[in-house]
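Below is target_36.pdb, holding PDB, C-alpha atoms, pLDDT in the B column.
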ATOM      1  CA  MET A  49     -67.263 -53.508 -60.216  1.00 34.00           C
ATOM      2  CA  SER A  50     -66.540 -53.206 -56.471  1.00 40.00           C
ATOM      3  CA  THR A  51     -64.057 -50.625 -55.287  1.00 45.00           C
ATOM      4  CA  ASP A  52     -62.466 -50.092 -51.895  1.00 50.00           C
ATOM      5  CA  ARG A  53     -63.748 -47.145 -49.915  1.00 62.00           C
ATOM      6  CA  SER A  54     -61.088 -45.103 -48.203  1.00 77.00           C
ATOM      7  CA  TYR A  55     -61.272 -44.341 -44.480  1.00 88.00           C
ATOM      8  CA  PRO A  56     -59.059 -42.054 -42.403  1.00 93.00           C
ATOM      9  CA  ALA A  57     -56.382 -43.812 -40.372  1.00 94.00           C
ATOM     10  CA  THR A  58     -55.841 -43.526 -36.624  1.00 95.00           C
ATOM     11  CA  ILE A  59     -52.890 -44.152 -34.303  1.00 96.00           C
ATOM     12  CA  ALA A  60     -52.135 -47.296 -32.320  1.00 95.00           C
ATOM     13  CA  ALA A  61     -51.184 -45.781 -28.966  1.00 96.00           C
ATOM     14  CA  ALA A  62     -50.591 -42.527 -27.102  1.00 97.00           C
ATOM     15  CA  VAL A  63     -47.400 -40.570 -27.821  1.00 98.00           C
ATOM     16  CA  GLU A  64     -45.888 -37.605 -25.985  1.00 98.00           C
ATOM     17  CA  HIS A  65     -43.271 -35.237 -27.387  1.00 98.00           C
ATOM     18  CA  GLU A  66     -41.779 -31.959 -26.163  1.00 98.00           C
ATOM     19  CA  ILE A  67     -40.220 -29.049 -28.030  1.00 97.00           C
ATOM     20  CA  VAL A  68     -38.721 -25.844 -26.602  1.00 97.00           C
ATOM     21  CA  ILE A  69     -38.976 -22.556 -28.506  1.00 96.00           C
ATOM     22  CA  LYS A  70     -37.553 -19.343 -27.008  1.00 94.00           C
ATOM     23  CA  LYS A  71     -37.704 -20.861 -23.524  1.00 94.00           C
ATOM     24  CA  SER A  72     -41.385 -21.856 -23.855  1.00 95.00           C
ATOM     25  CA  ARG A  73     -42.033 -25.583 -23.431  1.00 97.00           C
ATOM     26  CA  PHE A  74     -44.631 -27.171 -25.706  1.00 98.00           C
ATOM     27  CA  ILE A  75     -45.572 -30.690 -24.565  1.00 98.00           C
ATOM     28  CA  ALA A  76     -47.666 -32.486 -27.195  1.00 98.00           C
ATOM     29  CA  HIS A  77     -49.811 -35.471 -26.229  1.00 98.00           C
ATOM     30  CA  VAL A  78     -51.634 -37.374 -28.984  1.00 98.00           C
ATOM     31  CA  GLU A  79     -53.863 -40.337 -28.193  1.00 98.00           C
ATOM     32  CA  PRO A  80     -56.375 -42.591 -30.000  1.00 97.00           C
ATOM     33  CA  VAL A  81     -59.967 -42.181 -28.789  1.00 96.00           C
ATOM     34  CA  GLY A  82     -63.308 -43.775 -29.631  1.00 93.00           C
ATOM     35  CA  SER A  83     -65.574 -40.797 -28.972  1.00 94.00           C
ATOM     36  CA  VAL A  84     -65.754 -37.093 -28.110  1.00 95.00           C
ATOM     37  CA  GLU A  85     -66.268 -38.100 -24.468  1.00 96.00           C
ATOM     38  CA  GLU A  86     -63.046 -40.117 -24.464  1.00 96.00           C
ATOM     39  CA  ALA A  87     -61.216 -37.176 -26.037  1.00 97.00           C
ATOM     40  CA  ASP A  88     -62.561 -34.824 -23.341  1.00 97.00           C
ATOM     41  CA  ALA A  89     -61.332 -37.262 -20.683  1.00 97.00           C
ATOM     42  CA  VAL A  90     -57.834 -37.265 -22.201  1.00 97.00           C
ATOM     43  CA  ILE A  91     -57.779 -33.450 -22.204  1.00 98.00           C
ATOM     44  CA  ALA A  92     -58.932 -33.384 -18.572  1.00 98.00           C
ATOM     45  CA  ALA A  93     -56.218 -35.862 -17.579  1.00 98.00           C
ATOM     46  CA  VAL A  94     -53.515 -33.781 -19.257  1.00 98.00           C
ATOM     47  CA  ARG A  95     -54.795 -30.644 -17.512  1.00 97.00           C
ATOM     48  CA  LYS A  96     -54.634 -32.436 -14.173  1.00 97.00           C
ATOM     49  CA  ARG A  97     -51.125 -33.766 -14.773  1.00 97.00           C
ATOM     50  CA  PHE A  98     -49.731 -30.401 -15.878  1.00 97.00           C
ATOM     51  CA  TRP A  99     -51.926 -28.367 -13.524  1.00 97.00           C
ATOM     52  CA  ASP A 100     -49.439 -25.489 -13.240  1.00 96.00           C
ATOM     53  CA  ALA A 101     -49.198 -24.774 -16.983  1.00 96.00           C
ATOM     54  CA  ARG A 102     -50.887 -21.712 -18.466  1.00 93.00           C
ATOM     55  CA  HIS A 103     -52.343 -23.282 -21.632  1.00 97.00           C
ATOM     56  CA  HIS A 104     -53.657 -26.700 -22.649  1.00 98.00           C
ATOM     57  CA  CYS A 105     -54.678 -26.249 -26.291  1.00 98.00           C
ATOM     58  CA  SER A 106     -56.467 -29.109 -28.012  1.00 98.00           C
ATOM     59  CA  ALA A 107     -57.812 -30.500 -31.249  1.00 98.00           C
ATOM     60  CA  MET A 108     -59.726 -33.677 -31.984  1.00 98.00           C
ATOM     61  CA  VAL A 109     -61.176 -35.530 -34.960  1.00 97.00           C
ATOM     62  CA  THR A 110     -63.649 -38.370 -34.368  1.00 96.00           C
ATOM     63  CA  GLY A 111     -66.034 -40.573 -36.336  1.00 92.00           C
ATOM     64  CA  LEU A 112     -65.317 -43.310 -38.869  1.00 89.00           C
ATOM     65  CA  GLY A 113     -65.174 -40.767 -41.672  1.00 90.00           C
ATOM     66  CA  GLY A 114     -63.510 -38.075 -39.567  1.00 92.00           C
ATOM     67  CA  ASP A 115     -66.704 -36.016 -39.766  1.00 91.00           C
ATOM     68  CA  GLN A 116     -66.568 -34.585 -36.227  1.00 94.00           C
ATOM     69  CA  ALA A 117     -63.884 -32.054 -35.306  1.00 96.00           C
ATOM     70  CA  ARG A 118     -63.260 -29.614 -32.478  1.00 96.00           C
ATOM     71  CA  SER A 119     -60.442 -27.353 -31.369  1.00 97.00           C
ATOM     72  CA  ASN A 120     -59.704 -25.038 -28.442  1.00 97.00           C
ATOM     73  CA  ASP A 121     -57.113 -22.246 -28.147  1.00 97.00           C
ATOM     74  CA  ASP A 122     -57.390 -22.297 -24.310  1.00 96.00           C
ATOM     75  CA  GLY A 123     -56.423 -18.667 -23.808  1.00 94.00           C
ATOM     76  CA  GLU A 124     -53.933 -18.305 -26.643  1.00 95.00           C
ATOM     77  CA  PRO A 125     -54.774 -15.639 -29.266  1.00 95.00           C
ATOM     78  CA  SER A 126     -57.681 -16.832 -31.417  1.00 95.00           C
ATOM     79  CA  GLY A 127     -56.635 -19.130 -34.255  1.00 95.00           C
ATOM     80  CA  THR A 128     -53.013 -19.559 -33.149  1.00 96.00           C
ATOM     81  CA  ALA A 129     -53.221 -22.979 -31.492  1.00 97.00           C
ATOM     82  CA  GLY A 130     -56.304 -25.201 -31.759  1.00 96.00           C
ATOM     83  CA  ILE A 131     -57.011 -24.673 -35.451  1.00 97.00           C
ATOM     84  CA  PRO A 132     -53.359 -25.136 -36.555  1.00 97.00           C
ATOM     85  CA  MET A 133     -53.276 -28.337 -34.487  1.00 98.00           C
ATOM     86  CA  LEU A 134     -56.518 -29.510 -36.107  1.00 98.00           C
ATOM     87  CA  GLU A 135     -55.106 -28.782 -39.558  1.00 97.00           C
ATOM     88  CA  VAL A 136     -52.199 -31.134 -38.808  1.00 98.00           C
ATOM     89  CA  LEU A 137     -54.640 -33.933 -37.950  1.00 97.00           C
ATOM     90  CA  ARG A 138     -56.592 -33.197 -41.134  1.00 96.00           C
ATOM     91  CA  ARG A 139     -53.461 -33.132 -43.307  1.00 96.00           C
ATOM     92  CA  ARG A 140     -52.410 -36.497 -41.894  1.00 96.00           C
ATOM     93  CA  GLU A 141     -55.912 -37.821 -42.739  1.00 94.00           C
ATOM     94  CA  LEU A 142     -56.470 -39.096 -39.199  1.00 96.00           C
ATOM     95  CA  THR A 143     -59.585 -39.693 -37.135  1.00 96.00           C
ATOM     96  CA  ASP A 144     -60.457 -40.959 -33.649  1.00 96.00           C
ATOM     97  CA  VAL A 145     -57.492 -39.026 -32.285  1.00 98.00           C
ATOM     98  CA  VAL A 146     -57.051 -36.137 -29.846  1.00 98.00           C
ATOM     99  CA  ALA A 147     -54.050 -33.822 -29.572  1.00 98.00           C
ATOM    100  CA  VAL A 148     -53.314 -31.708 -26.495  1.00 98.00           C
ATOM    101  CA  VAL A 149     -50.389 -29.291 -26.360  1.00 98.00           C
ATOM    102  CA  THR A 150     -49.460 -27.957 -22.936  1.00 98.00           C
ATOM    103  CA  ARG A 151     -47.456 -24.731 -22.903  1.00 97.00           C
ATOM    104  CA  TYR A 152     -45.216 -23.473 -20.148  1.00 97.00           C
ATOM    105  CA  PHE A 153     -44.528 -19.821 -21.004  1.00 94.00           C
ATOM    106  CA  GLY A 154     -40.826 -18.986 -21.111  1.00 91.00           C
ATOM    107  CA  GLY A 155     -41.095 -15.217 -20.822  1.00 90.00           C
ATOM    108  CA  VAL A 156     -40.558 -14.415 -24.507  1.00 91.00           C
ATOM    109  CA  LYS A 157     -43.593 -13.660 -26.691  1.00 92.00           C
ATOM    110  CA  LEU A 158     -43.594 -15.623 -29.946  1.00 94.00           C
ATOM    111  CA  GLY A 159     -46.164 -13.599 -31.897  1.00 94.00           C
ATOM    112  CA  ALA A 160     -49.117 -15.089 -33.762  1.00 95.00           C
ATOM    113  CA  GLY A 161     -47.023 -16.689 -36.493  1.00 95.00           C
ATOM    114  CA  GLY A 162     -44.603 -18.148 -33.975  1.00 96.00           C
ATOM    115  CA  LEU A 163     -47.432 -19.670 -31.962  1.00 97.00           C
ATOM    116  CA  VAL A 164     -49.020 -21.238 -35.052  1.00 97.00           C
ATOM    117  CA  ARG A 165     -45.675 -22.812 -36.005  1.00 97.00           C
ATOM    118  CA  ALA A 166     -44.963 -23.994 -32.466  1.00 97.00           C
ATOM    119  CA  TYR A 167     -48.322 -25.684 -31.864  1.00 98.00           C
ATOM    120  CA  SER A 168     -48.497 -27.288 -35.303  1.00 98.00           C
ATOM    121  CA  THR A 169     -44.855 -28.455 -35.124  1.00 98.00           C
ATOM    122  CA  ALA A 170     -45.368 -29.999 -31.683  1.00 98.00           C
ATOM    123  CA  VAL A 171     -48.317 -32.064 -32.929  1.00 98.00           C
ATOM    124  CA  SER A 172     -46.646 -32.943 -36.221  1.00 98.00           C
ATOM    125  CA  GLU A 173     -43.465 -34.189 -34.529  1.00 98.00           C
ATOM    126  CA  ALA A 174     -45.490 -36.208 -32.007  1.00 98.00           C
ATOM    127  CA  LEU A 175     -47.413 -37.868 -34.848  1.00 98.00           C
ATOM    128  CA  ASP A 176     -44.108 -38.709 -36.548  1.00 97.00           C
ATOM    129  CA  LEU A 177     -43.438 -40.952 -33.540  1.00 97.00           C
ATOM    130  CA  ALA A 178     -46.865 -42.628 -33.587  1.00 96.00           C
ATOM    131  CA  ALA A 179     -47.646 -46.011 -35.147  1.00 95.00           C
ATOM    132  CA  LEU A 180     -50.419 -45.701 -37.726  1.00 94.00           C
ATOM    133  CA  VAL A 181     -53.456 -47.961 -37.940  1.00 90.00           C
ATOM    134  CA  HIS A 182     -55.226 -48.106 -41.310  1.00 88.00           C
ATOM    135  CA  ARG A 183     -58.898 -48.965 -41.654  1.00 86.00           C
ATOM    136  CA  THR A 184     -60.482 -50.993 -44.383  1.00 85.00           C
ATOM    137  CA  ALA A 185     -63.931 -52.359 -45.182  1.00 86.00           C
ATOM    138  CA  LEU A 186     -64.289 -56.141 -45.439  1.00 89.00           C
ATOM    139  CA  THR A 187     -67.367 -57.970 -46.765  1.00 91.00           C
ATOM    140  CA  ARG A 188     -68.432 -61.364 -45.413  1.00 92.00           C
ATOM    141  CA  VAL A 189     -68.556 -64.017 -48.124  1.00 93.00           C
ATOM    142  CA  SER A 190     -70.147 -67.435 -47.548  1.00 93.00           C
ATOM    143  CA  ILE A 191     -69.425 -70.427 -49.771  1.00 92.00           C
ATOM    144  CA  ASP A 192     -71.461 -73.650 -49.559  1.00 92.00           C
ATOM    145  CA  VAL A 193     -69.696 -76.827 -50.685  1.00 91.00           C
ATOM    146  CA  ALA A 194     -70.190 -80.567 -50.235  1.00 90.00           C
ATOM    147  CA  HIS A 195     -68.501 -81.993 -47.135  1.00 90.00           C
ATOM    148  CA  ALA A 196     -66.256 -84.127 -49.329  1.00 90.00           C
ATOM    149  CA  ASP A 197     -64.942 -80.966 -51.037  1.00 89.00           C
ATOM    150  CA  ALA A 198     -64.573 -78.827 -47.898  1.00 90.00           C
ATOM    151  CA  GLY A 199     -60.876 -79.568 -47.381  1.00 90.00           C
ATOM    152  CA  ARG A 200     -59.952 -78.681 -50.951  1.00 90.00           C
ATOM    153  CA  TYR A 201     -61.861 -75.395 -50.935  1.00 92.00           C
ATOM    154  CA  ASP A 202     -60.626 -74.508 -47.453  1.00 91.00           C
ATOM    155  CA  ASN A 203     -57.034 -74.835 -48.689  1.00 91.00           C
ATOM    156  CA  MET A 204     -57.829 -72.794 -51.785  1.00 91.00           C
ATOM    157  CA  LEU A 205     -59.474 -70.007 -49.778  1.00 92.00           C
ATOM    158  CA  ARG A 206     -56.647 -69.999 -47.232  1.00 91.00           C
ATOM    159  CA  ASP A 207     -54.101 -69.467 -50.007  1.00 91.00           C
ATOM    160  CA  TRP A 208     -56.325 -66.922 -51.770  1.00 91.00           C
ATOM    161  CA  ALA A 209     -56.812 -64.900 -48.561  1.00 89.00           C
ATOM    162  CA  ALA A 210     -53.055 -64.684 -47.998  1.00 87.00           C
ATOM    163  CA  HIS A 211     -52.576 -62.994 -51.376  1.00 89.00           C
ATOM    164  CA  HIS A 212     -55.638 -60.696 -51.451  1.00 88.00           C
ATOM    165  CA  GLY A 213     -55.806 -59.055 -48.018  1.00 84.00           C
ATOM    166  CA  ALA A 214     -58.708 -61.279 -46.915  1.00 87.00           C
ATOM    167  CA  THR A 215     -59.353 -63.016 -43.574  1.00 84.00           C
ATOM    168  CA  LEU A 216     -60.807 -66.480 -43.012  1.00 86.00           C
ATOM    169  CA  GLY A 217     -63.878 -66.819 -40.822  1.00 86.00           C
ATOM    170  CA  GLU A 218     -65.132 -69.876 -38.933  1.00 87.00           C
ATOM    171  CA  PRO A 219     -66.512 -72.718 -41.070  1.00 89.00           C
ATOM    172  CA  ARG A 220     -69.980 -74.092 -40.272  1.00 90.00           C
ATOM    173  CA  TYR A 221     -71.160 -77.630 -40.928  1.00 91.00           C
ATOM    174  CA  GLY A 222     -74.797 -78.471 -41.666  1.00 91.00           C
ATOM    175  CA  ALA A 223     -76.298 -80.174 -44.697  1.00 92.00           C
ATOM    176  CA  MET A 224     -73.418 -78.485 -46.553  1.00 91.00           C
ATOM    177  CA  ALA A 225     -70.060 -77.184 -45.370  1.00 92.00           C
ATOM    178  CA  THR A 226     -70.222 -73.362 -45.253  1.00 93.00           C
ATOM    179  CA  LEU A 227     -66.846 -71.652 -45.534  1.00 92.00           C
ATOM    180  CA  GLU A 228     -66.502 -67.973 -44.613  1.00 92.00           C
ATOM    181  CA  LEU A 229     -64.147 -65.297 -45.841  1.00 90.00           C
ATOM    182  CA  TRP A 230     -63.902 -61.559 -45.107  1.00 91.00           C
ATOM    183  CA  VAL A 231     -62.844 -59.829 -48.325  1.00 90.00           C
ATOM    184  CA  PRO A 232     -61.816 -56.259 -49.281  1.00 87.00           C
ATOM    185  CA  ALA A 233     -64.455 -54.714 -51.540  1.00 83.00           C
ATOM    186  CA  GLY A 234     -62.017 -54.327 -54.413  1.00 85.00           C
ATOM    187  CA  GLU A 235     -61.261 -58.078 -54.408  1.00 89.00           C
ATOM    188  CA  LEU A 236     -64.842 -59.407 -54.516  1.00 90.00           C
ATOM    189  CA  ASP A 237     -64.979 -59.675 -58.297  1.00 90.00           C
ATOM    190  CA  ARG A 238     -61.627 -61.482 -58.333  1.00 92.00           C
ATOM    191  CA  LEU A 239     -62.883 -63.988 -55.746  1.00 92.00           C
ATOM    192  CA  ALA A 240     -66.031 -64.676 -57.769  1.00 91.00           C
ATOM    193  CA  ALA A 241     -63.957 -65.289 -60.905  1.00 91.00           C
ATOM    194  CA  ASP A 242     -61.429 -67.520 -59.125  1.00 91.00           C
ATOM    195  CA  LEU A 243     -64.193 -69.579 -57.486  1.00 90.00           C
ATOM    196  CA  ALA A 244     -65.958 -70.014 -60.805  1.00 89.00           C
ATOM    197  CA  ALA A 245     -62.718 -71.188 -62.422  1.00 90.00           C
ATOM    198  CA  ALA A 246     -61.888 -73.596 -59.585  1.00 88.00           C
ATOM    199  CA  SER A 247     -65.379 -75.138 -59.503  1.00 88.00           C
ATOM    200  CA  ALA A 248     -66.326 -75.015 -63.177  1.00 86.00           C
ATOM    201  CA  GLY A 249     -69.068 -72.605 -62.161  1.00 85.00           C
ATOM    202  CA  SER A 250     -70.677 -74.919 -59.595  1.00 85.00           C
ATOM    203  CA  VAL A 251     -69.727 -72.886 -56.491  1.00 87.00           C
ATOM    204  CA  ALA A 252     -70.853 -69.276 -55.969  1.00 86.00           C
ATOM    205  CA  ALA A 253     -70.027 -66.717 -53.292  1.00 87.00           C
ATOM    206  CA  VAL A 254     -72.896 -65.257 -51.244  1.00 89.00           C
ATOM    207  CA  LEU A 255     -72.207 -61.728 -50.015  1.00 90.00           C
ATOM    208  CA  GLY A 256     -73.128 -60.719 -46.450  1.00 87.00           C
ATOM    209  CA  GLU A 257     -72.594 -57.718 -44.224  1.00 88.00           C
ATOM    210  CA  GLU A 258     -69.667 -55.318 -44.246  1.00 86.00           C
ATOM    211  CA  ARG A 259     -67.476 -54.443 -41.269  1.00 85.00           C
ATOM    212  CA  ILE A 260     -64.621 -52.010 -40.723  1.00 85.00           C
ATOM    213  CA  VAL A 261     -61.384 -53.498 -39.393  1.00 80.00           C
ATOM    214  CA  ASP A 262     -58.154 -51.920 -38.132  1.00 80.00           C
ATOM    215  CA  VAL A 263     -54.996 -52.976 -39.922  1.00 74.00           C
ATOM    216  CA  PRO A 264     -51.598 -51.967 -38.425  1.00 73.00           C
ATOM    217  CA  ALA A 265     -49.486 -50.109 -40.959  1.00 68.00           C
TER
END
Please express the file's structure as structure tokens.
Amino acid sequence: MSTDRSYPATIAAAVEHEIVIKKSRFIAHVEPVGSVEEADAVIAAVRKRFWDARHHCSAMVTGLGGDQARSNDDGEPSGTAGIPMLEVLRRRELTDVVAVVTRYFGGVKLGAGGLVRAYSTAVSEALDLAALVHRTALTRVSIDVAHADAGRYDNMLRDWAAHHGATLGEPRYGAMATLELWVPAGELDRLAADLAAASAGSVAAVLGEERIVDVPA
């Protein structure tokens, strides 16, 4: 039986959020990125914009499975900024996202525990404001039917897609009419059964490649 694989989510657009703790300003910037290079460019842009700040701590997770991660304390005591920020991204099960927290020192030392809380809270509150984008795997399914039956099966597939998280592709017309559907892995068996029932077993689904699509939450 097919089952849906789970992929980390990402965010739809950049979000910025500021908190103030004991006169220190923590400005969190979180942004979706497609690569480590894009994440580095975001960090560089934040550094340039807030050029007079003392620290620009960062964390990023990239890759479809969230398998690449980096963090940087940028002059804060080791382990008090980048890693806590990264842990927030991990806890939220996000990927293809970078977080940068710019700190303007307010003259009062926060201590290691205070810094960990401040940097993680800044990122967490920024992410609370972000719109999530989920990712799912869809498999291409082709169905060959006689031209005379194309309208009936097109209507059936259109209705089926609306109730099973599937997406219609473009039909093709040759010797037969070829209808296309992109289907979540967990629904493939259901589609096969429903097609068999609707056609008395005369129409079968042919599975093709798989692609990952973004679905707004």
Expand the PyMOL selection byres ((chain A and resi 140) around 10) into the individual residues it matches in the shown file, reporting them as a count of residues only. 14
So how far away is CA of Leu186 in chain A from CA of Tyr201 in chain A, in Å?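 Computing the Euclidean distance for CA of Tyr201 in chain A and CA of Leu186 in chain A yields 20.2 Å.
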Using only C-alpha atoms, which protein or nucleic acid residues come within 12 Å of Glu86 in chain A? Drop anything in the same chain fewer than 4 positions from it, and give the result as a list of chain:residue names.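 Returned residues: A:Glu79, A:Pro80, A:Val81, A:Gly82, A:Val90, A:Ile91, A:Ala92, A:Ala93, A:Met108, A:Val109, A:Thr110, A:Asp144, A:Val145, A:Val146.
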List, as a list in words, every residue that the PyMOL selection byres ((chain A and resi 210-213) around 9) selects in the file provided.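 Expected selection for the PyMOL selection byres ((chain A and resi 210-213) around 9) here is Leu205, Arg206, Asp207, Trp208, Ala209, Ala214, Thr215, Trp230, Val231, Pro232 and Glu235 of chain A.
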Translate the PyMOL selection byres ((chain A and resi 122) around 9), as applied to the file shown, into an explicit residue set as an NGL selection string. :A and (102-106 or 120-121 or 123-126 or 129-130)
Using C-alpha atoms, can you export the residues from the last selection as a PDB file, keeping the file's coordinate frame?
ATOM      1  CA  ARG A 102     -50.887 -21.712 -18.466  1.00 93.00           C
ATOM      2  CA  HIS A 103     -52.343 -23.282 -21.632  1.00 97.00           C
ATOM      3  CA  HIS A 104     -53.657 -26.700 -22.649  1.00 98.00           C
ATOM      4  CA  CYS A 105     -54.678 -26.249 -26.291  1.00 98.00           C
ATOM      5  CA  SER A 106     -56.467 -29.109 -28.012  1.00 98.00           C
ATOM      6  CA  ASN A 120     -59.704 -25.038 -28.442  1.00 97.00           C
ATOM      7  CA  ASP A 121     -57.113 -22.246 -28.147  1.00 97.00           C
ATOM      8  CA  GLY A 123     -56.423 -18.667 -23.808  1.00 94.00           C
ATOM      9  CA  GLU A 124     -53.933 -18.305 -26.643  1.00 95.00           C
ATOM     10  CA  PRO A 125     -54.774 -15.639 -29.266  1.00 95.00           C
ATOM     11  CA  SER A 126     -57.681 -16.832 -31.417  1.00 95.00           C
ATOM     12  CA  ALA A 129     -53.221 -22.979 -31.492  1.00 97.00           C
ATOM     13  CA  GLY A 130     -56.304 -25.201 -31.759  1.00 96.00           C
TER      14      GLY A 130
END
Interatomic distance, CA of Pro264 in chain A to CA of Ala61 in chain A (Å, one decimal):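 So the two atoms, CA of Pro264 in chain A and CA of Ala61 in chain A, lie 11.3 Å apart.
Of the listed residues A:Tyr221, A:Phe74, A:Tyr55, A:Trp99, the one whose atoms come nearest to Leu163 in chain A is A:Phe74, with distances taken using all atoms listed in the file.
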So how many Å separate CA of His182 in chain A and CA of Asn203 in chain A, to one decimal?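 Computing it gives 27.8 Å between the two atoms.
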Starting from 6 Å padding per side, set up an axis-aligned box that covers all listed atoms of range 122-133 of chain A and hand over centre and edge lengths in Å, one decimal, as JSON.
{"center_x": -55.3, "center_y": -22.0, "center_z": -30.2, "size_x": 16.7, "size_y": 24.7, "size_z": 24.7}
Smallest atom-to-atom distance to Ala233 in chain A: which of A:Met204, A:Ala185, A:Ala196, A:Leu255, using all atoms listed in the file? A:Ala185
Compare A:Asp192, A:Glu64, A:Glu218, A:Asp197 by their minimum atom-to-atom distance to Val251 in chain A, counting all atoms listed in the file, and give me the closest one.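 The closest residue to Val251 in chain A is A:Asp192.
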